[in-house]
Amino acid sequence: MTITQLKTGKPESERADDDARVRTTVEDVLSDIETRGDAAVRNLSVKFDKYDPPTFRLSASEIEAAMAKVSPRDMDDIRFAQTQIRRFAEAQRASMTDVEIETLPGVVLGHRNIPVQSVGCYVPGGKFPMVASAHMSVLTATVAGVPRIVASAPPVNGAPHPAIVAAMHMGGAHEIYVLGGMQAVGAMALGTETIDPVDMLVGPGNAFVAEAKRQLYGRVGIDLFAGPTETMVIADDSVDAELCATDLLGQAEHGYNSPAILLTTSRKLAEATLTEIDRILKILPTAATAAVSWNDYGEVILCETHDEMLAVANDIASEHVQVMTDRDDWYLENMHSYGALFLGPRTNVANGDKVIGTNHTLPTKKAGRYTGGLWVGKFLKTHSYQRITTDEAAARIGAYGSRLCMLEGFVGHAEQCNIRVRRYGKQNVPYGAAAE
């Protein structure tokens, strides 16, 4: 490969140091929540959010009061977004069917798709109140049929954010809390005196939220590791620098550690995009955030061929991959490791984040190598079952089972099979010697 790195970000060693500091902080916080429950959660809320209400759970009247503060236009926009997301989630749910098949005469196997019984949905709200995250988690869980949906978001300016509360309520949340960050995730997963624990955590968040989910995984289920936003633009000379720069900075503004990568076969486009980024950062209202991400985590990688770009893109496995080339469908067919693809210059990540209908909670830090994003199927557990309906089938399967158990030395297992052969077979079979 002939690959040139025109711009690099922080070295991996420094990123690893940042991760280690986050890991230690989260360990201490989760231990405190597990030990002291509500008291720890309240202390953390005061420390990080300066928020100390009588109770963190919103009552029905408080939800109604918050929603009354949302303008009619904003309510209409929320409804429109939820309609798109619901349509796609319902189509996904319809694709997941229960199965039952008779594999041999008298042997019936099947599976059922059963909703997780309780889910905690975290909605980020610190620097930017992520209204859309409520649609993505709460609404999708509702479509999946989850019977208890808990939603939590931090206060904004010392109060519940009206639009987030509206989106949570309209999406189907059964309990709404005004709690942020590690304390929200920890309280929902571990439980406190006033918050019953959930079975699963979902939703994006900053590095601390992502690390808390990682540490809690096993005690509860999680959707995926969805940390700071990542974006990659794959472009050739079929598009211009303004489009590339806008799409890179549009995601870099998420936080101070949001990787944004341009992958291109055009040196002219690469250099023009660097110049255009400098221009936009001088006028972008969120430049104070976006510039830090771009300086520390931005990269520009120049390749000679589309095959090289494909290999690099699959290796990086970015969360958002925007493809603007003369062969977008070729990337769709050949990309295998990513969070979500955005194909063609008419498409953009922001539409996917907010309204188009696909889910914006996506894998980061190379997790796209082994998982996709949040979707209705994440809230469903596929459980198998077996049924034998005839004596002949019980004896036949039992004979095979007995011999295979003895092959591994499991005598007790073999006897489970043998007793069925003896009871349901046409002839008695000695212990440990089952036959068809």
# chains A, B, ... in the order shown; residues from 1 in each chain; ligands from 1
>>> closest_atom_pairs(of="range 104-181 of chain A", to="range 70-84 of chain A", cutoff="12 Å", atoms="only C-alpha atoms", output="tab-separated table")
residue	atom	partner	partner_atom	distance
A:Val131	CA	A:Ile78	CA	8.5
A:Ala132	CA	A:Ala81	CA	8.2
A:Ser133	CA	A:Gln82	CA	10.9
A:Ala134	CA	A:Gln82	CA	9.5
A:His135	CA	A:Gln82	CA	6.1
A:Met136	CA	A:Gln82	CA	8.6
A:Ser137	CA	A:Gln82	CA	11.1
A:Val138	CA	A:Gln82	CA	10.3
A:Leu139	CA	A:Gln82	CA	7.5
A:Thr140	CA	A:Gln82	CA	9.6
A:Thr142	CA	A:Gln82	CA	11.6
A:Val143	CA	A:Gln82	CA	11.4
A:Pro160	CA	A:Val70	CA	11.9
A:His161	CA	A:Val70	CA	9.5
A:Pro162	CA	A:Val70	CA	6.1
A:Ala163	CA	A:Val70	CA	6.0
A:Ile164	CA	A:Val70	CA	9.7
A:Val165	CA	A:Val70	CA	9.7
A:Ala166	CA	A:Val70	CA	7.9
A:Ala167	CA	A:Ile78	CA	6.8
A:Met168	CA	A:Ile78	CA	10.5
A:His169	CA	A:Ile78	CA	11.3
A:Met170	CA	A:Arg79	CA	8.2
A:Gly171	CA	A:Gln82	CA	7.5
A:Gly172	CA	A:Gln82	CA	11.0
>>> select_by_dssp(residues="range 215-361 of chain A", states="alpha helix (DSSP H)", output="CSV table (one decimal) with N, CA, C and O atoms, in the first residue's frame")
chain,number,residue,atom,x,y,z
A,215,GLN,N,-17.7,-1.5,32.6
A,215,GLN,CA,-17.5,-2.1,33.9
A,215,GLN,C,-18.7,-2.8,34.4
A,215,GLN,O,-18.6,-3.7,35.2
A,216,LEU,N,-19.9,-2.3,34.1
A,216,LEU,CA,-21.1,-2.9,34.6
A,216,LEU,C,-21.6,-4.1,33.7
A,216,LEU,O,-22.4,-4.9,34.1
A,241,ALA,N,-14.2,20.2,-1.3
A,241,ALA,CA,-13.6,20.4,0.0
A,241,ALA,C,-14.6,20.9,1.0
A,241,ALA,O,-14.6,20.6,2.2
A,242,GLU,N,-15.5,21.8,0.6
A,242,GLU,CA,-16.4,22.4,1.5
A,242,GLU,C,-17.3,21.3,2.1
A,242,GLU,O,-17.6,21.3,3.3
A,243,LEU,N,-17.8,20.4,1.3
A,243,LEU,CA,-18.6,19.3,1.8
A,243,LEU,C,-17.9,18.4,2.7
A,243,LEU,O,-18.4,18.1,3.8
A,244,CYS,N,-16.6,18.1,2.4
A,244,CYS,CA,-15.8,17.2,3.3
A,244,CYS,C,-15.6,17.9,4.6
A,244,CYS,O,-15.7,17.3,5.7
A,245,ALA,N,-15.2,19.2,4.6
A,245,ALA,CA,-14.8,19.9,5.8
A,245,ALA,C,-16.0,20.0,6.7
A,245,ALA,O,-16.0,19.9,7.9
A,246,THR,N,-17.2,20.4,6.1
A,246,THR,CA,-18.4,20.5,6.9
A,246,THR,C,-18.8,19.2,7.6
A,246,THR,O,-19.2,19.2,8.7
A,247,ASP,N,-18.7,18.1,6.8
A,247,ASP,CA,-19.1,16.8,7.4
A,247,ASP,C,-18.1,16.4,8.5
A,247,ASP,O,-18.5,15.7,9.5
A,248,LEU,N,-16.8,16.7,8.4
A,248,LEU,CA,-15.9,16.4,9.4
A,248,LEU,C,-16.1,17.2,10.7
A,248,LEU,O,-16.2,16.6,11.8
A,249,LEU,N,-16.3,18.5,10.6
A,249,LEU,CA,-16.4,19.4,11.7
A,249,LEU,C,-17.8,19.2,12.3
A,249,LEU,O,-18.0,19.4,13.5
A,250,GLY,N,-18.8,18.8,11.5
A,250,GLY,CA,-20.1,18.6,12.1
A,250,GLY,C,-20.2,17.5,13.1
A,250,GLY,O,-21.0,17.5,14.0
A,251,GLN,N,-19.2,16.6,13.1
A,251,GLN,CA,-19.2,15.6,14.1
A,251,GLN,C,-18.1,15.9,15.2
A,251,GLN,O,-18.2,15.5,16.3
A,252,ALA,N,-17.0,16.6,14.8
A,252,ALA,CA,-16.0,16.9,15.7
A,252,ALA,C,-16.5,17.8,16.8
A,252,ALA,O,-15.9,17.9,17.9
A,267,ARG,N,-5.0,14.1,-3.5
A,267,ARG,CA,-4.2,15.0,-2.7
A,267,ARG,C,-4.8,16.4,-2.8
A,267,ARG,O,-4.8,17.2,-1.8
A,268,LYS,N,-5.3,16.8,-3.9
A,268,LYS,CA,-5.9,18.2,-4.1
A,268,LYS,C,-7.0,18.4,-3.1
A,268,LYS,O,-7.2,19.4,-2.5
A,269,LEU,N,-7.9,17.3,-3.1
A,269,LEU,CA,-9.1,17.4,-2.2
A,269,LEU,C,-8.6,17.4,-0.7
A,269,LEU,O,-9.1,18.2,0.1
A,270,ALA,N,-7.6,16.6,-0.4
A,270,ALA,CA,-7.1,16.6,1.0
A,270,ALA,C,-6.6,17.9,1.4
A,270,ALA,O,-6.9,18.4,2.5
A,271,GLU,N,-5.7,18.5,0.6
A,271,GLU,CA,-5.1,19.8,1.0
A,271,GLU,C,-6.2,20.9,1.0
A,271,GLU,O,-6.2,21.8,1.9
A,272,ALA,N,-7.1,20.9,0.1
A,272,ALA,CA,-8.2,21.9,0.1
A,272,ALA,C,-9.1,21.7,1.3
A,272,ALA,O,-9.6,22.7,1.9
A,273,THR,N,-9.3,20.5,1.7
A,273,THR,CA,-10.2,20.3,2.9
A,273,THR,C,-9.5,20.8,4.2
A,273,THR,O,-10.1,21.4,5.0
A,274,LEU,N,-8.2,20.6,4.3
A,274,LEU,CA,-7.4,21.2,5.4
A,274,LEU,C,-7.6,22.7,5.5
A,274,LEU,O,-7.8,23.3,6.5
A,275,THR,N,-7.5,23.3,4.3
A,275,THR,CA,-7.7,24.8,4.2
A,275,THR,C,-9.1,25.2,4.6
A,275,THR,O,-9.3,26.2,5.3
A,276,GLU,N,-10.0,24.4,4.1
A,276,GLU,CA,-11.5,24.8,4.3
A,276,GLU,C,-11.8,24.6,5.8
A,276,GLU,O,-12.6,25.3,6.4
A,277,ILE,N,-11.2,23.6,6.5
A,277,ILE,CA,-11.5,23.4,7.9
A,277,ILE,C,-11.0,24.6,8.7
A,277,ILE,O,-11.6,25.1,9.6
A,278,ASP,N,-9.8,25.1,8.3
A,278,ASP,CA,-9.3,26.3,9.0
A,278,ASP,C,-10.2,27.4,8.8
A,278,ASP,O,-10.4,28.2,9.8
A,279,ARG,N,-10.8,27.6,7.6
A,279,ARG,CA,-11.7,28.7,7.4
A,279,ARG,C,-13.0,28.6,8.2
A,279,ARG,O,-13.4,29.5,8.9
A,280,ILE,N,-13.5,27.4,8.2
A,280,ILE,CA,-14.8,27.1,8.9
A,280,ILE,C,-14.6,27.3,10.4
A,280,ILE,O,-15.5,27.9,11.1
A,281,LEU,N,-13.5,26.9,11.0
A,281,LEU,CA,-13.3,27.0,12.4
A,281,LEU,C,-13.2,28.4,12.9
A,281,LEU,O,-13.4,28.7,14.0
A,287,ALA,N,-16.7,26.2,17.5
A,287,ALA,CA,-15.3,25.9,17.2
A,287,ALA,C,-14.4,25.6,18.4
A,287,ALA,O,-13.4,24.9,18.3
A,288,ALA,N,-14.8,26.2,19.6
A,288,ALA,CA,-14.0,25.9,20.8
A,288,ALA,C,-13.9,24.4,21.1
A,288,ALA,O,-12.9,23.9,21.6
A,289,THR,N,-14.9,23.7,20.8
A,289,THR,CA,-14.9,22.3,21.0
A,289,THR,C,-14.4,21.5,19.7
A,289,THR,O,-13.5,20.7,19.8
A,290,ALA,N,-14.9,21.9,18.6
A,290,ALA,CA,-14.5,21.2,17.3
A,290,ALA,C,-13.1,21.3,17.1
A,290,ALA,O,-12.4,20.4,16.6
A,291,ALA,N,-12.5,22.5,17.4
A,291,ALA,CA,-11.0,22.7,17.1
A,291,ALA,C,-10.2,21.8,17.9
A,291,ALA,O,-9.1,21.2,17.4
A,292,VAL,N,-10.5,21.5,19.1
A,292,VAL,CA,-9.8,20.7,20.0
A,292,VAL,C,-9.8,19.2,19.5
A,292,VAL,O,-8.8,18.5,19.4
A,293,SER,N,-11.0,18.8,19.1
A,293,SER,CA,-11.2,17.4,18.6
A,293,SER,C,-10.4,17.3,17.3
A,293,SER,O,-9.7,16.3,17.1
A,294,TRP,N,-10.5,18.3,16.4
A,294,TRP,CA,-9.8,18.2,15.1
A,294,TRP,C,-8.2,18.2,15.3
A,294,TRP,O,-7.5,17.4,14.7
A,295,ASN,N,-7.8,19.1,16.2
A,295,ASN,CA,-6.3,19.2,16.5
A,295,ASN,C,-5.8,17.9,17.1
A,295,ASN,O,-4.7,17.4,16.7
A,296,ASP,N,-6.5,17.3,18.0
A,296,ASP,CA,-6.0,16.1,18.8
A,296,ASP,C,-6.4,14.8,18.1
A,296,ASP,O,-5.7,13.8,18.3
A,297,TYR,N,-7.5,14.8,17.4
A,297,TYR,CA,-8.0,13.5,16.9
A,297,TYR,C,-8.3,13.5,15.4
A,297,TYR,O,-8.8,12.5,14.9
A,306,HIS,N,-9.0,3.0,-4.5
A,306,HIS,CA,-10.2,2.7,-3.7
A,306,HIS,C,-10.0,1.4,-2.9
A,306,HIS,O,-10.5,1.3,-1.8
A,307,ASP,N,-9.2,0.5,-3.4
A,307,ASP,CA,-9.0,-0.8,-2.7
A,307,ASP,C,-8.2,-0.4,-1.4
A,307,ASP,O,-8.5,-1.0,-0.3
A,308,GLU,N,-7.2,0.5,-1.5
A,308,GLU,CA,-6.5,0.9,-0.3
A,308,GLU,C,-7.4,1.6,0.7
A,308,GLU,O,-7.3,1.3,1.9
A,309,MET,N,-8.3,2.5,0.2
A,309,MET,CA,-9.2,3.2,1.1
A,309,MET,C,-10.1,2.2,1.8
A,309,MET,O,-10.4,2.3,3.0
A,310,LEU,N,-10.6,1.2,1.1
A,310,LEU,CA,-11.5,0.2,1.7
A,310,LEU,C,-10.8,-0.6,2.8
A,310,LEU,O,-11.3,-0.8,3.9
A,311,ALA,N,-9.5,-1.0,2.5
A,311,ALA,CA,-8.8,-1.7,3.6
A,311,ALA,C,-8.5,-0.8,4.8
A,311,ALA,O,-8.7,-1.3,5.9
A,312,VAL,N,-8.2,0.4,4.6
A,312,VAL,CA,-7.9,1.3,5.8
A,312,VAL,C,-9.3,1.5,6.5
A,312,VAL,O,-9.3,1.5,7.8
A,313,ALA,N,-10.3,1.8,5.8
A,313,ALA,CA,-11.6,2.0,6.4
A,313,ALA,C,-12.1,0.8,7.2
A,313,ALA,O,-12.6,1.0,8.4
A,314,ASN,N,-12.0,-0.4,6.7
A,314,ASN,CA,-12.4,-1.6,7.4
A,314,ASN,C,-11.5,-1.8,8.7
A,314,ASN,O,-12.0,-2.3,9.7
A,315,ASP,N,-10.2,-1.4,8.6
A,315,ASP,CA,-9.3,-1.5,9.8
A,315,ASP,C,-9.7,-0.5,10.9
A,315,ASP,O,-9.7,-0.9,12.0
A,316,ILE,N,-10.0,0.7,10.5
A,316,ILE,CA,-10.3,1.7,11.5
A,316,ILE,C,-11.7,1.5,12.1
A,316,ILE,O,-11.9,1.7,13.3
A,328,ASP,N,-20.2,4.5,-4.7
A,328,ASP,CA,-20.7,4.3,-3.4
A,328,ASP,C,-21.2,2.9,-3.1
A,328,ASP,O,-21.0,2.4,-2.0
A,329,ASP,N,-21.9,2.3,-4.1
A,329,ASP,CA,-22.5,1.0,-3.9
A,329,ASP,C,-21.4,-0.1,-3.7
A,329,ASP,O,-21.6,-1.1,-3.1
A,330,TRP,N,-20.3,0.2,-4.3
A,330,TRP,CA,-19.1,-0.8,-4.2
A,330,TRP,C,-18.7,-0.8,-2.7
A,330,TRP,O,-18.4,-1.9,-2.2
A,331,TYR,N,-18.7,0.4,-2.1
A,331,TYR,CA,-18.3,0.4,-0.6
A,331,TYR,C,-19.4,-0.3,0.2
A,331,TYR,O,-19.1,-1.0,1.2
A,332,LEU,N,-20.7,-0.1,-0.2
A,332,LEU,CA,-21.7,-0.8,0.6
A,332,LEU,C,-21.6,-2.3,0.5
A,332,LEU,O,-21.8,-3.0,1.5
A,333,GLU,N,-21.2,-2.8,-0.7
A,333,GLU,CA,-21.0,-4.2,-0.9
A,333,GLU,C,-19.8,-4.8,-0.2
A,333,GLU,O,-19.8,-5.9,0.3
A,334,ASN,N,-18.8,-3.9,0.0
A,334,ASN,CA,-17.5,-4.5,0.5
A,334,ASN,C,-17.1,-4.0,1.9
A,334,ASN,O,-16.2,-4.6,2.5
A,349,VAL,N,-24.5,12.5,8.1
A,349,VAL,CA,-24.5,11.9,9.4
A,349,VAL,C,-25.6,12.6,10.3
A,349,VAL,O,-26.3,12.0,11.1
A,350,ALA,N,-25.7,13.9,10.2
A,350,ALA,CA,-26.6,14.7,11.0
A,350,ALA,C,-28.0,14.2,10.8
A,350,ALA,O,-28.8,14.0,11.8
A,351,ASN,N,-28.5,13.9,9.6
A,351,ASN,CA,-29.8,13.3,9.4
A,351,ASN,C,-30.0,12.0,10.1
A,351,ASN,O,-31.0,11.7,10.6
A,352,GLY,N,-28.9,11.2,10.0
A,352,GLY,CA,-28.9,9.9,10.7
A,352,GLY,C,-29.0,10.1,12.2
A,352,GLY,O,-29.7,9.3,12.9
A,353,ASP,N,-28.3,11.1,12.7
A,353,ASP,CA,-28.3,11.3,14.1
A,353,ASP,C,-29.7,11.7,14.6
A,353,ASP,O,-30.0,11.4,15.8
A,354,LYS,N,-30.4,12.5,13.8
A,354,LYS,CA,-31.6,13.1,14.4
A,354,LYS,C,-33.0,12.7,13.9
A,354,LYS,O,-33.9,12.6,14.6
>>> atom_distance(atom1="CA of Val202 in chain A", atom2="CA of Gly181 in chain A")
12.8 Å
>>> atom_distance(atom1="CA of Asn418 in chain A", atom2="CA of Gly398 in chain A")
6.3 Å
>>> closest_residue(among="A:Asp19, A:Thr389, A:Val107, A:Phe48", to="Pro228 in chain A", atoms="only C-alpha atoms")
A:Asp19
>>> closest_residue(among="A:Phe208, A:Tyr51, A:Phe88, A:Tyr424", to="Arg23 in chain A", atoms="only C-alpha atoms")
A:Phe208
>>> select_by_dssp(residues="range 67-302 of chain A", states="strand (DSSP E or B)", output="count of residues only")
54
>>> closest_residue(among="A:Asn157, A:Thr305, A:Thr361, A:Gln416", to="Pro129 in chain A", atoms="only C-alpha atoms")
A:Asn157
>>> residues_around(residues="range 392-397 of chain A", least_positions_apart="3", cutoff="6 Å", atoms="only C-alpha atoms", output="ChimeraX atom specification")
/A:106,400,421,424-425,436
>>> closest_residue(among="A:Glu62, A:Asp98, A:Asp240, A:Glu211", to="Ile176 in chain A", atoms="only C-alpha atoms")
A:Glu62
>>> closest_residue(among="A:His336, A:His111, A:Arg87, A:Arg420", to="Ile388 in chain A", atoms="only C-alpha atoms")
A:Arg420
>>> atom_distance(atom1="CA of Pro345 in chain A", atom2="CA of Thr231 in chain A")
15.0 Å
>>> closest_residue(among="A:Arg387, A:Gly126, A:Val300, A:Cys405", to="Lys7 in chain A", atoms="only C-alpha atoms")
A:Val300
